[in-house]
>>> print(open('input15.pdb').read())   # PDB, C-alpha atoms, pLDDT in the B column
MODEL        1
ATOM      1  CA  MET K   1      14.145  25.799  16.210  1.00 58.00           C
ATOM      2  CA  ILE K   2      16.295  22.763  16.842  1.00 65.00           C
ATOM      3  CA  ALA K   3      19.400  24.474  18.211  1.00 58.00           C
ATOM      4  CA  GLN K   4      20.563  27.843  19.482  1.00 62.00           C
ATOM      5  CA  SER K   5      24.055  28.812  20.528  1.00 65.00           C
ATOM      6  CA  PRO K   6      24.685  30.630  23.773  1.00 62.00           C
ATOM      7  CA  ILE K   7      25.221  34.378  23.674  1.00 70.00           C
ATOM      8  CA  ARG K   8      27.747  35.965  26.023  1.00 74.00           C
ATOM      9  CA  PHE K   9      27.393  39.725  26.506  1.00 79.00           C
ATOM     10  CA  LEU K  10      30.615  41.702  26.874  1.00 82.00           C
ATOM     11  CA  ALA K  11      31.264  44.391  29.487  1.00 86.00           C
ATOM     12  CA  GLU K  12      32.504  46.710  26.706  1.00 86.00           C
ATOM     13  CA  SER K  13      32.082  46.654  22.969  1.00 83.00           C
ATOM     14  CA  ALA K  14      34.923  45.426  20.787  1.00 80.00           C
ATOM     15  CA  ASN K  15      34.795  46.912  17.297  1.00 78.00           C
ATOM     16  CA  GLY K  16      31.129  47.776  17.819  1.00 79.00           C
ATOM     17  CA  ILE K  17      30.187  44.257  18.930  1.00 76.00           C
ATOM     18  CA  TRP K  18      28.641  43.827  22.377  1.00 78.00           C
ATOM     19  CA  PHE K  19      28.324  40.025  22.428  1.00 74.00           C
ATOM     20  CA  GLU K  20      29.999  36.795  21.372  1.00 72.00           C
ATOM     21  CA  GLN K  21      28.322  33.618  20.186  1.00 67.00           C
ATOM     22  CA  GLU K  22      29.112  30.416  18.378  1.00 61.00           C
ATOM     23  CA  ARG K  23      28.204  30.126  14.729  1.00 69.00           C
ATOM     24  CA  PRO K  24      25.548  29.388  13.642  1.00 75.00           C
ATOM     25  CA  ILE K  25      23.511  31.218  16.236  1.00 76.00           C
ATOM     26  CA  ALA K  26      20.374  29.211  15.433  1.00 81.00           C
ATOM     27  CA  VAL K  27      19.355  26.223  13.331  1.00 86.00           C
ATOM     28  CA  PHE K  28      15.787  25.678  12.154  1.00 84.00           C
ATOM     29  CA  TRP K  29      14.431  22.433  10.671  1.00 85.00           C
ATOM     30  CA  LEU K  30      11.489  23.380   8.449  1.00 83.00           C
ATOM     31  CA  ARG K  31      10.027  19.899   8.191  1.00 83.00           C
ATOM     32  CA  LYS K  32       7.024  20.796   6.012  1.00 82.00           C
ATOM     33  CA  ILE K  33       9.227  22.172   3.231  1.00 80.00           C
ATOM     34  CA  GLY K  34      12.249  19.940   3.867  1.00 81.00           C
ATOM     35  CA  ARG K  35      14.781  22.654   4.597  1.00 83.00           C
ATOM     36  CA  VAL K  36      17.374  23.320   7.260  1.00 86.00           C
ATOM     37  CA  VAL K  37      18.088  27.019   7.806  1.00 86.00           C
ATOM     38  CA  GLU K  38      21.202  28.067   9.713  1.00 86.00           C
ATOM     39  CA  VAL K  39      21.383  31.700  10.854  1.00 87.00           C
ATOM     40  CA  MET K  40      24.929  33.076  10.736  1.00 83.00           C
ATOM     41  CA  ALA K  41      25.489  36.526  12.272  1.00 80.00           C
ATOM     42  CA  ARG K  42      28.776  38.390  11.945  1.00 72.00           C
ATOM     43  CA  PRO K  43      30.924  35.448  10.905  1.00 67.00           C
ATOM     44  CA  GLU K  44      34.526  35.686  12.104  1.00 67.00           C
ATOM     45  CA  ARG K  45      35.843  34.958   8.621  1.00 69.00           C
ATOM     46  CA  PRO K  46      33.126  35.902   6.129  1.00 70.00           C
ATOM     47  CA  GLY K  47      33.680  34.877   2.550  1.00 74.00           C
ATOM     48  CA  THR K  48      34.727  37.438  -0.031  1.00 78.00           C
ATOM     49  CA  LEU K  49      31.255  37.710  -1.540  1.00 79.00           C
ATOM     50  CA  LEU K  50      29.498  38.114   1.813  1.00 79.00           C
ATOM     51  CA  THR K  51      31.962  40.859   2.710  1.00 79.00           C
ATOM     52  CA  LEU K  52      31.431  42.607  -0.620  1.00 82.00           C
ATOM     53  CA  ALA K  53      27.656  42.256  -0.201  1.00 87.00           C
ATOM     54  CA  ARG K  54      28.000  44.206   3.079  1.00 89.00           C
ATOM     55  CA  ALA K  55      25.576  41.864   4.811  1.00 87.00           C
ATOM     56  CA  HIS K  56      26.351  41.093   8.439  1.00 83.00           C
ATOM     57  CA  VAL K  57      23.860  38.217   8.567  1.00 88.00           C
ATOM     58  CA  ALA K  58      23.605  35.227   6.263  1.00 87.00           C
ATOM     59  CA  LEU K  59      21.354  32.216   5.998  1.00 88.00           C
ATOM     60  CA  ARG K  60      22.682  28.852   4.942  1.00 84.00           C
ATOM     61  CA  ILE K  61      19.769  26.887   3.496  1.00 84.00           C
ATOM     62  CA  SER K  62      20.132  23.201   2.768  1.00 82.00           C
ATOM     63  CA  ASP K  63      17.968  20.225   1.867  1.00 80.00           C
ATOM     64  CA  PRO K  64      19.116  17.370   4.113  1.00 80.00           C
ATOM     65  CA  LEU K  65      17.051  14.823   2.162  1.00 79.00           C
ATOM     66  CA  ASP K  66      18.740  15.554  -1.186  1.00 76.00           C
ATOM     67  CA  ARG K  67      22.488  14.917  -1.128  1.00 74.00           C
ATOM     68  CA  SER K  68      22.884  16.370  -4.641  1.00 72.00           C
ATOM     69  CA  ALA K  69      21.482  19.766  -3.601  1.00 69.00           C
ATOM     70  CA  PHE K  70      24.301  21.973  -2.349  1.00 71.00           C
ATOM     71  CA  PRO K  71      23.587  24.526   0.402  1.00 75.00           C
ATOM     72  CA  HIS K  72      22.750  28.056  -0.649  1.00 80.00           C
ATOM     73  CA  ARG K  73      23.837  31.168   1.143  1.00 84.00           C
ATOM     74  CA  VAL K  74      21.435  34.088   1.395  1.00 90.00           C
ATOM     75  CA  ALA K  75      22.702  37.586   2.227  1.00 92.00           C
ATOM     76  CA  VAL K  76      20.501  39.251   4.845  1.00 93.00           C
ATOM     77  CA  TRP K  77      20.439  42.985   5.431  1.00 94.00           C
ATOM     78  CA  THR K  78      18.678  44.439   8.477  1.00 92.00           C
ATOM     79  CA  PRO K  79      18.548  48.228   8.041  1.00 91.00           C
ATOM     80  CA  HIS K  80      16.876  50.141  10.849  1.00 87.00           C
ATOM     81  CA  ALA K  81      15.709  53.687  10.230  1.00 81.00           C
ATOM     82  CA  LEU K  82      13.540  56.258  11.920  1.00 85.00           C
ATOM     83  CA  GLU K  83      11.688  56.733   8.641  1.00 88.00           C
ATOM     84  CA  ARG K  84      10.251  54.056   6.416  1.00 90.00           C
ATOM     85  CA  LEU K  85      12.687  52.501   3.958  1.00 92.00           C
ATOM     86  CA  ASP K  86      11.830  52.695   0.252  1.00 95.00           C
ATOM     87  CA  LEU K  87      11.460  48.920  -0.251  1.00 95.00           C
ATOM     88  CA  PRO K  88      11.388  48.814  -4.076  1.00 96.00           C
ATOM     89  CA  GLU K  89      14.537  50.939  -4.277  1.00 96.00           C
ATOM     90  CA  ALA K  90      16.317  48.916  -1.567  1.00 95.00           C
ATOM     91  CA  ALA K  91      15.429  45.632  -3.278  1.00 96.00           C
ATOM     92  CA  GLN K  92      16.642  46.946  -6.655  1.00 95.00           C
ATOM     93  CA  GLU K  93      19.951  48.089  -5.137  1.00 95.00           C
ATOM     94  CA  ALA K  94      20.453  44.754  -3.365  1.00 94.00           C
ATOM     95  CA  ALA K  95      19.673  42.797  -6.546  1.00 94.00           C
ATOM     96  CA  ARG K  96      22.117  44.992  -8.483  1.00 93.00           C
ATOM     97  CA  ARG K  97      24.833  44.362  -5.882  1.00 92.00           C
ATOM     98  CA  LEU K  98      24.293  40.581  -5.869  1.00 91.00           C
ATOM     99  CA  SER K  99      24.176  40.524  -9.665  1.00 90.00           C
ATOM    100  CA  ASP K 100      27.530  42.339  -9.752  1.00 89.00           C
ATOM    101  CA  LEU K 101      28.983  39.903  -7.204  1.00 87.00           C
ATOM    102  CA  ALA K 102      28.022  36.947  -9.407  1.00 83.00           C
ATOM    103  CA  ARG K 103      30.695  38.169 -11.829  1.00 82.00           C
ATOM    104  CA  VAL K 104      33.542  38.220  -9.265  1.00 83.00           C
ATOM    105  CA  PRO K 105      36.059  35.668 -10.608  1.00 82.00           C
ATOM    106  CA  GLY K 106      37.562  32.759  -8.692  1.00 78.00           C
ATOM    107  CA  GLN K 107      34.861  32.377  -6.024  1.00 73.00           C
ATOM    108  CA  GLN K 108      33.540  29.050  -4.748  1.00 67.00           C
ATOM    109  CA  GLU K 109      30.902  30.802  -2.653  1.00 70.00           C
ATOM    110  CA  ARG K 110      27.665  31.683  -4.447  1.00 75.00           C
ATOM    111  CA  ILE K 111      25.133  34.213  -3.263  1.00 83.00           C
ATOM    112  CA  ARG K 112      22.158  34.473  -5.619  1.00 80.00           C
ATOM    113  CA  HIS K 113      19.543  35.412  -3.068  1.00 91.00           C
ATOM    114  CA  GLY K 114      19.047  38.322  -0.710  1.00 94.00           C
ATOM    115  CA  LEU K 115      16.642  39.192   2.057  1.00 95.00           C
ATOM    116  CA  ILE K 116      16.049  42.668   3.498  1.00 96.00           C
ATOM    117  CA  LEU K 117      14.275  42.779   6.875  1.00 96.00           C
ATOM    118  CA  THR K 118      13.307  46.232   8.100  1.00 96.00           C
ATOM    119  CA  PRO K 119      10.767  47.869  10.430  1.00 96.00           C
ATOM    120  CA  GLY K 120       7.368  48.330   8.815  1.00 95.00           C
ATOM    121  CA  HIS K 121       6.324  51.466  10.729  1.00 93.00           C
ATOM    122  CA  LEU K 122       2.812  50.002  10.960  1.00 92.00           C
ATOM    123  CA  GLU K 123       2.664  49.309   7.195  1.00 93.00           C
ATOM    124  CA  PRO K 124       3.746  45.717   6.465  1.00 95.00           C
ATOM    125  CA  GLU K 125       4.912  45.164   2.915  1.00 96.00           C
ATOM    126  CA  ALA K 126       6.894  42.653   0.867  1.00 97.00           C
ATOM    127  CA  ILE K 127       8.584  43.412  -2.443  1.00 96.00           C
ATOM    128  CA  ALA K 128      10.247  40.754  -4.632  1.00 94.00           C
ATOM    129  CA  ILE K 129      12.808  41.584  -7.320  1.00 93.00           C
ATOM    130  CA  GLU K 130      14.413  39.213  -9.835  1.00 91.00           C
ATOM    131  CA  ARG K 131      17.358  40.393 -11.887  1.00 85.00           C
ATOM    132  CA  SER K 132      19.994  38.497 -13.882  1.00 83.00           C
ATOM    133  CA  GLY K 133      19.463  35.210 -12.048  1.00 84.00           C
ATOM    134  CA  VAL K 134      19.304  36.895  -8.627  1.00 88.00           C
ATOM    135  CA  PHE K 135      16.270  37.049  -6.346  1.00 91.00           C
ATOM    136  CA  VAL K 136      15.843  39.592  -3.523  1.00 95.00           C
ATOM    137  CA  GLU K 137      12.891  39.975  -1.184  1.00 95.00           C
ATOM    138  CA  ALA K 138      12.479  43.121   0.921  1.00 97.00           C
ATOM    139  CA  ILE K 139      10.129  42.690   3.872  1.00 97.00           C
ATOM    140  CA  ALA K 140       8.906  45.470   6.167  1.00 97.00           C
ATOM    141  CA  PHE K 141       7.111  44.320   9.313  1.00 96.00           C
ATOM    142  CA  ASP K 142       6.694  45.113  12.993  1.00 95.00           C
ATOM    143  CA  ALA K 143       7.063  43.178  16.235  1.00 94.00           C
ATOM    144  CA  THR K 144       3.372  42.575  16.980  1.00 95.00           C
ATOM    145  CA  GLY K 145      -0.076  41.937  15.560  1.00 95.00           C
ATOM    146  CA  ALA K 146      -1.070  41.692  11.929  1.00 96.00           C
ATOM    147  CA  SER K 147       2.184  43.311  10.795  1.00 96.00           C
ATOM    148  CA  LEU K 148       4.229  40.571  12.489  1.00 96.00           C
ATOM    149  CA  ALA K 149       1.988  37.892  10.974  1.00 96.00           C
ATOM    150  CA  ALA K 150       2.422  39.403   7.497  1.00 97.00           C
ATOM    151  CA  GLY K 151       6.197  39.548   7.941  1.00 96.00           C
ATOM    152  CA  ARG K 152       6.401  35.954   9.120  1.00 95.00           C
ATOM    153  CA  ALA K 153       4.285  34.818   6.165  1.00 95.00           C
ATOM    154  CA  ALA K 154       6.576  36.672   3.734  1.00 95.00           C
ATOM    155  CA  ILE K 155       9.700  35.149   5.291  1.00 92.00           C
ATOM    156  CA  ARG K 156       8.105  31.681   5.152  1.00 88.00           C
ATOM    157  CA  ALA K 157       7.285  32.178   1.445  1.00 89.00           C
ATOM    158  CA  PHE K 158      10.869  33.287   0.775  1.00 89.00           C
ATOM    159  CA  LEU K 159      12.295  30.191   2.482  1.00 83.00           C
ATOM    160  CA  ALA K 160       9.931  27.913   0.538  1.00 81.00           C
ATOM    161  CA  ARG K 161      11.070  29.223  -2.881  1.00 78.00           C
ATOM    162  CA  ASP K 162      12.717  26.816  -5.306  1.00 66.00           C
ATOM    163  CA  ILE K 163      16.215  28.197  -4.768  1.00 64.00           C
ATOM    164  CA  TRP K 164      17.865  25.187  -6.379  1.00 55.00           C
ATOM    165  CA  GLY K 165      15.902  25.337  -9.633  1.00 53.00           C
ATOM    166  CA  GLY K 166      16.610  28.968 -10.431  1.00 45.00           C
ATOM    167  CA  ALA K 167      16.588  32.454  -9.080  1.00 39.00           C
TER     168      ALA K 167
ENDMDL
END
>>> encode(input="input15.pdb", output="structure tokens")
Amino acid sequence: MIAQSPIRFLAESANGIWFEQERPIAVFWLRKIGRVVEVMARPERPGTLLTLARAHVALRISDPLDRSAFPHRVAVWTPHALERLDLPEAAQEAARRLSDLARVPGQQERIRHGLILTPGHLEPEAIAIERSGVFVEAIAFDATGASLAAGRAAIRAFLARDIWGGA
């Protein structure tokens, strides 16, 4: 991590939000793969496609060494449930939604990639779905041990994908 914005917790929630922070909330320089990843949570003015995607977190991934490569935005969903999420179904639904959003006219924003991060309930798993030029990865992992290691490896593999060359 090369930068993190301060978080200020509120005394009361405002529209379900208990804290304020600058955007992006964190910036990571992934030197080995030549990527900068900015983590944007609850943007004040989300773009039309991010709003329609119903994702409250987005990644902005750029290649600072290639001026011709434009940044890509990745929709990130973080569902939390008491029971295990059906990852293949969730990934299919997310890919369908992003595929539909690619057809929204008059948009400069492009979201061709999605990432679902959810609790693994002691069963780490990663499912990848490609559909109509869209790529979605659903990753279930936990906060410790081998499950955390598996989740981190899956996220690392997602970030290393050739997102500029295709889906």
>>> residues_around(input="input15.pdb", residues="Leu85 in chain K", least_positions_apart="5", cutoff="12 Å", atoms="all atoms listed in the file", output="list in words")
Thr78, Pro79, His80, Ala90, Ala91, Ile116, Leu117, Thr118, Pro119, Gly120, His121, Glu123, Pro124, Glu125, Ala126, Ile127, Ala138, Ile139, Ala140 and Phe141 of chain K
>>> write_last_selection(input="input15.pdb", atoms="C-alpha atoms", output="PDB file, in the coordinates of the input")
ATOM      1  CA  THR K  78      18.678  44.439   8.477  1.00 92.00           C
ATOM      2  CA  PRO K  79      18.548  48.228   8.041  1.00 91.00           C
ATOM      3  CA  HIS K  80      16.876  50.141  10.849  1.00 87.00           C
ATOM      4  CA  ALA K  90      16.317  48.916  -1.567  1.00 95.00           C
ATOM      5  CA  ALA K  91      15.429  45.632  -3.278  1.00 96.00           C
ATOM      6  CA  ILE K 116      16.049  42.668   3.498  1.00 96.00           C
ATOM      7  CA  LEU K 117      14.275  42.779   6.875  1.00 96.00           C
ATOM      8  CA  THR K 118      13.307  46.232   8.100  1.00 96.00           C
ATOM      9  CA  PRO K 119      10.767  47.869  10.430  1.00 96.00           C
ATOM     10  CA  GLY K 120       7.368  48.330   8.815  1.00 95.00           C
ATOM     11  CA  HIS K 121       6.324  51.466  10.729  1.00 93.00           C
ATOM     12  CA  GLU K 123       2.664  49.309   7.195  1.00 93.00           C
ATOM     13  CA  PRO K 124       3.746  45.717   6.465  1.00 95.00           C
ATOM     14  CA  GLU K 125       4.912  45.164   2.915  1.00 96.00           C
ATOM     15  CA  ALA K 126       6.894  42.653   0.867  1.00 97.00           C
ATOM     16  CA  ILE K 127       8.584  43.412  -2.443  1.00 96.00           C
ATOM     17  CA  ALA K 138      12.479  43.121   0.921  1.00 97.00           C
ATOM     18  CA  ILE K 139      10.129  42.690   3.872  1.00 97.00           C
ATOM     19  CA  ALA K 140       8.906  45.470   6.167  1.00 97.00           C
ATOM     20  CA  PHE K 141       7.111  44.320   9.313  1.00 96.00           C
TER      21      PHE K 141
END
>>> atom_distance(input="input15.pdb", atom1="CA of Ser132 in chain K", atom2="CA of Glu38 in chain K")
25.8 Å
>>> atom_distance(input="input15.pdb", atom1="CA of Gly47 in chain K", atom2="CA of Arg110 in chain K")
9.8 Å
>>> atom_distance(input="input15.pdb", atom1="CA of Ala143 in chain K", atom2="CA of Glu93 in chain K")
25.4 Å
>>> closest_residue(input="input15.pdb", among="K:Ala81, K:Val134, K:Ala53, K:Ala41", to="Arg97 in chain K", atoms="only C-alpha atoms")
K:Ala53
>>> residues_around(input="input15.pdb", residues="Ile111 in chain K", least_positions_apart="2", cutoff="8 Å", atoms="all atoms listed in the file", output="list of chain:residue names")
K:Leu49, K:Leu50, K:His72, K:Arg73, K:Val74, K:Ala75, K:Leu98, K:Leu101, K:Ala102, K:Glu109, K:His113, K:Gly114
>>> build_atoms(input="input15.pdb", residues="range 152-163 of chain K", atoms="all heavy atoms", output="PDB file, in the coordinates of the input")
ATOM      1  N   ARG K 152       6.072  37.379   8.981  1.00 95.00           N
ATOM      2  CA  ARG K 152       6.401  35.954   9.120  1.00 95.00           C
ATOM      3  C   ARG K 152       5.944  35.170   7.897  1.00 95.00           C
ATOM      4  O   ARG K 152       6.650  34.276   7.429  1.00 95.00           O
ATOM      5  CB  ARG K 152       5.768  35.395  10.381  1.00 95.00           C
ATOM      6  CG  ARG K 152       6.448  35.909  11.645  1.00 95.00           C
ATOM      7  CD  ARG K 152       5.831  35.361  12.879  1.00 95.00           C
ATOM      8  NE  ARG K 152       5.977  33.893  12.873  1.00 95.00           N
ATOM      9  CZ  ARG K 152       5.657  33.127  13.872  1.00 95.00           C
ATOM     10  NH1 ARG K 152       5.168  33.643  14.971  1.00 95.00           N
ATOM     11  NH2 ARG K 152       5.811  31.824  13.786  1.00 95.00           N
ATOM     12  N   ALA K 153       4.782  35.502   7.364  1.00 95.00           N
ATOM     13  CA  ALA K 153       4.285  34.818   6.165  1.00 95.00           C
ATOM     14  C   ALA K 153       5.201  35.095   4.972  1.00 95.00           C
ATOM     15  O   ALA K 153       5.482  34.192   4.175  1.00 95.00           O
ATOM     16  CB  ALA K 153       2.855  35.258   5.858  1.00 95.00           C
ATOM     17  N   ALA K 154       5.676  36.320   4.843  1.00 95.00           N
ATOM     18  CA  ALA K 154       6.576  36.672   3.734  1.00 95.00           C
ATOM     19  C   ALA K 154       7.915  35.952   3.867  1.00 95.00           C
ATOM     20  O   ALA K 154       8.474  35.470   2.872  1.00 95.00           O
ATOM     21  CB  ALA K 154       6.771  38.186   3.684  1.00 95.00           C
ATOM     22  N   ILE K 155       8.436  35.866   5.077  1.00 92.00           N
ATOM     23  CA  ILE K 155       9.700  35.149   5.291  1.00 92.00           C
ATOM     24  C   ILE K 155       9.511  33.664   4.976  1.00 92.00           C
ATOM     25  O   ILE K 155      10.347  33.034   4.323  1.00 92.00           O
ATOM     26  CB  ILE K 155      10.209  35.351   6.733  1.00 92.00           C
ATOM     27  CG1 ILE K 155      10.618  36.816   6.936  1.00 92.00           C
ATOM     28  CG2 ILE K 155      11.379  34.422   7.043  1.00 92.00           C
ATOM     29  CD1 ILE K 155      10.869  37.193   8.381  1.00 92.00           C
ATOM     30  N   ARG K 156       8.401  33.087   5.423  1.00 88.00           N
ATOM     31  CA  ARG K 156       8.105  31.681   5.152  1.00 88.00           C
ATOM     32  C   ARG K 156       8.036  31.428   3.642  1.00 88.00           C
ATOM     33  O   ARG K 156       8.578  30.441   3.136  1.00 88.00           O
ATOM     34  CB  ARG K 156       6.797  31.298   5.841  1.00 88.00           C
ATOM     35  CG  ARG K 156       6.489  29.836   5.852  1.00 88.00           C
ATOM     36  CD  ARG K 156       5.318  29.430   6.738  1.00 88.00           C
ATOM     37  NE  ARG K 156       4.305  30.445   7.027  1.00 88.00           N
ATOM     38  CZ  ARG K 156       4.230  31.151   8.159  1.00 88.00           C
ATOM     39  NH1 ARG K 156       5.090  30.971   9.125  1.00 88.00           N
ATOM     40  NH2 ARG K 156       3.280  32.047   8.329  1.00 88.00           N
ATOM     41  N   ALA K 157       7.383  32.326   2.900  1.00 89.00           N
ATOM     42  CA  ALA K 157       7.285  32.178   1.445  1.00 89.00           C
ATOM     43  C   ALA K 157       8.660  32.273   0.794  1.00 89.00           C
ATOM     44  O   ALA K 157       8.966  31.530  -0.142  1.00 89.00           O
ATOM     45  CB  ALA K 157       6.350  33.248   0.876  1.00 89.00           C
ATOM     46  N   PHE K 158       9.508  33.160   1.300  1.00 89.00           N
ATOM     47  CA  PHE K 158      10.869  33.287   0.775  1.00 89.00           C
ATOM     48  C   PHE K 158      11.632  31.981   0.980  1.00 89.00           C
ATOM     49  O   PHE K 158      12.297  31.483   0.073  1.00 89.00           O
ATOM     50  CB  PHE K 158      11.607  34.441   1.459  1.00 89.00           C
ATOM     51  CG  PHE K 158      13.033  34.562   1.038  1.00 89.00           C
ATOM     52  CD1 PHE K 158      13.382  35.265  -0.103  1.00 89.00           C
ATOM     53  CD2 PHE K 158      14.049  33.975   1.773  1.00 89.00           C
ATOM     54  CE1 PHE K 158      14.704  35.375  -0.505  1.00 89.00           C
ATOM     55  CE2 PHE K 158      15.374  34.076   1.393  1.00 89.00           C
ATOM     56  CZ  PHE K 158      15.697  34.776   0.244  1.00 89.00           C
ATOM     57  N   LEU K 159      11.561  31.417   2.176  1.00 83.00           N
ATOM     58  CA  LEU K 159      12.295  30.191   2.482  1.00 83.00           C
ATOM     59  C   LEU K 159      11.775  28.986   1.699  1.00 83.00           C
ATOM     60  O   LEU K 159      12.509  28.028   1.468  1.00 83.00           O
ATOM     61  CB  LEU K 159      12.240  29.900   3.976  1.00 83.00           C
ATOM     62  CG  LEU K 159      12.973  30.899   4.872  1.00 83.00           C
ATOM     63  CD1 LEU K 159      12.718  30.596   6.335  1.00 83.00           C
ATOM     64  CD2 LEU K 159      14.460  30.915   4.563  1.00 83.00           C
ATOM     65  N   ALA K 160      10.526  29.029   1.278  1.00 81.00           N
ATOM     66  CA  ALA K 160       9.931  27.913   0.538  1.00 81.00           C
ATOM     67  C   ALA K 160      10.197  27.990  -0.967  1.00 81.00           C
ATOM     68  O   ALA K 160       9.872  27.048  -1.691  1.00 81.00           O
ATOM     69  CB  ALA K 160       8.426  27.864   0.788  1.00 81.00           C
ATOM     70  N   ARG K 161      10.788  29.082  -1.442  1.00 78.00           N
ATOM     71  CA  ARG K 161      11.070  29.223  -2.881  1.00 78.00           C
ATOM     72  C   ARG K 161      11.950  28.090  -3.390  1.00 78.00           C
ATOM     73  O   ARG K 161      12.745  27.520  -2.647  1.00 78.00           O
ATOM     74  CB  ARG K 161      11.801  30.531  -3.170  1.00 78.00           C
ATOM     75  CG  ARG K 161      10.918  31.738  -3.210  1.00 78.00           C
ATOM     76  CD  ARG K 161      11.715  32.978  -3.551  1.00 78.00           C
ATOM     77  NE  ARG K 161      12.357  32.882  -4.847  1.00 78.00           N
ATOM     78  CZ  ARG K 161      11.780  33.174  -5.998  1.00 78.00           C
ATOM     79  NH1 ARG K 161      10.532  33.578  -6.023  1.00 78.00           N
ATOM     80  NH2 ARG K 161      12.431  33.094  -7.127  1.00 78.00           N
ATOM     81  N   ASP K 162      11.862  27.823  -4.676  1.00 66.00           N
ATOM     82  CA  ASP K 162      12.717  26.816  -5.306  1.00 66.00           C
ATOM     83  C   ASP K 162      14.075  27.443  -5.603  1.00 66.00           C
ATOM     84  O   ASP K 162      14.348  27.848  -6.713  1.00 66.00           O
ATOM     85  CB  ASP K 162      12.067  26.288  -6.584  1.00 66.00           C
ATOM     86  CG  ASP K 162      12.923  25.228  -7.256  1.00 66.00           C
ATOM     87  OD1 ASP K 162      13.867  24.718  -6.609  1.00 66.00           O
ATOM     88  OD2 ASP K 162      12.664  24.924  -8.428  1.00 66.00           O
ATOM     89  N   ILE K 163      14.925  27.532  -4.583  1.00 64.00           N
ATOM     90  CA  ILE K 163      16.215  28.197  -4.768  1.00 64.00           C
ATOM     91  C   ILE K 163      17.206  27.334  -5.527  1.00 64.00           C
ATOM     92  O   ILE K 163      18.192  27.832  -6.042  1.00 64.00           O
ATOM     93  CB  ILE K 163      16.831  28.630  -3.421  1.00 64.00           C
ATOM     94  CG1 ILE K 163      17.091  27.429  -2.516  1.00 64.00           C
ATOM     95  CG2 ILE K 163      15.965  29.662  -2.739  1.00 64.00           C
ATOM     96  CD1 ILE K 163      17.822  27.769  -1.241  1.00 64.00           C
TER      97      ILE K 163
END
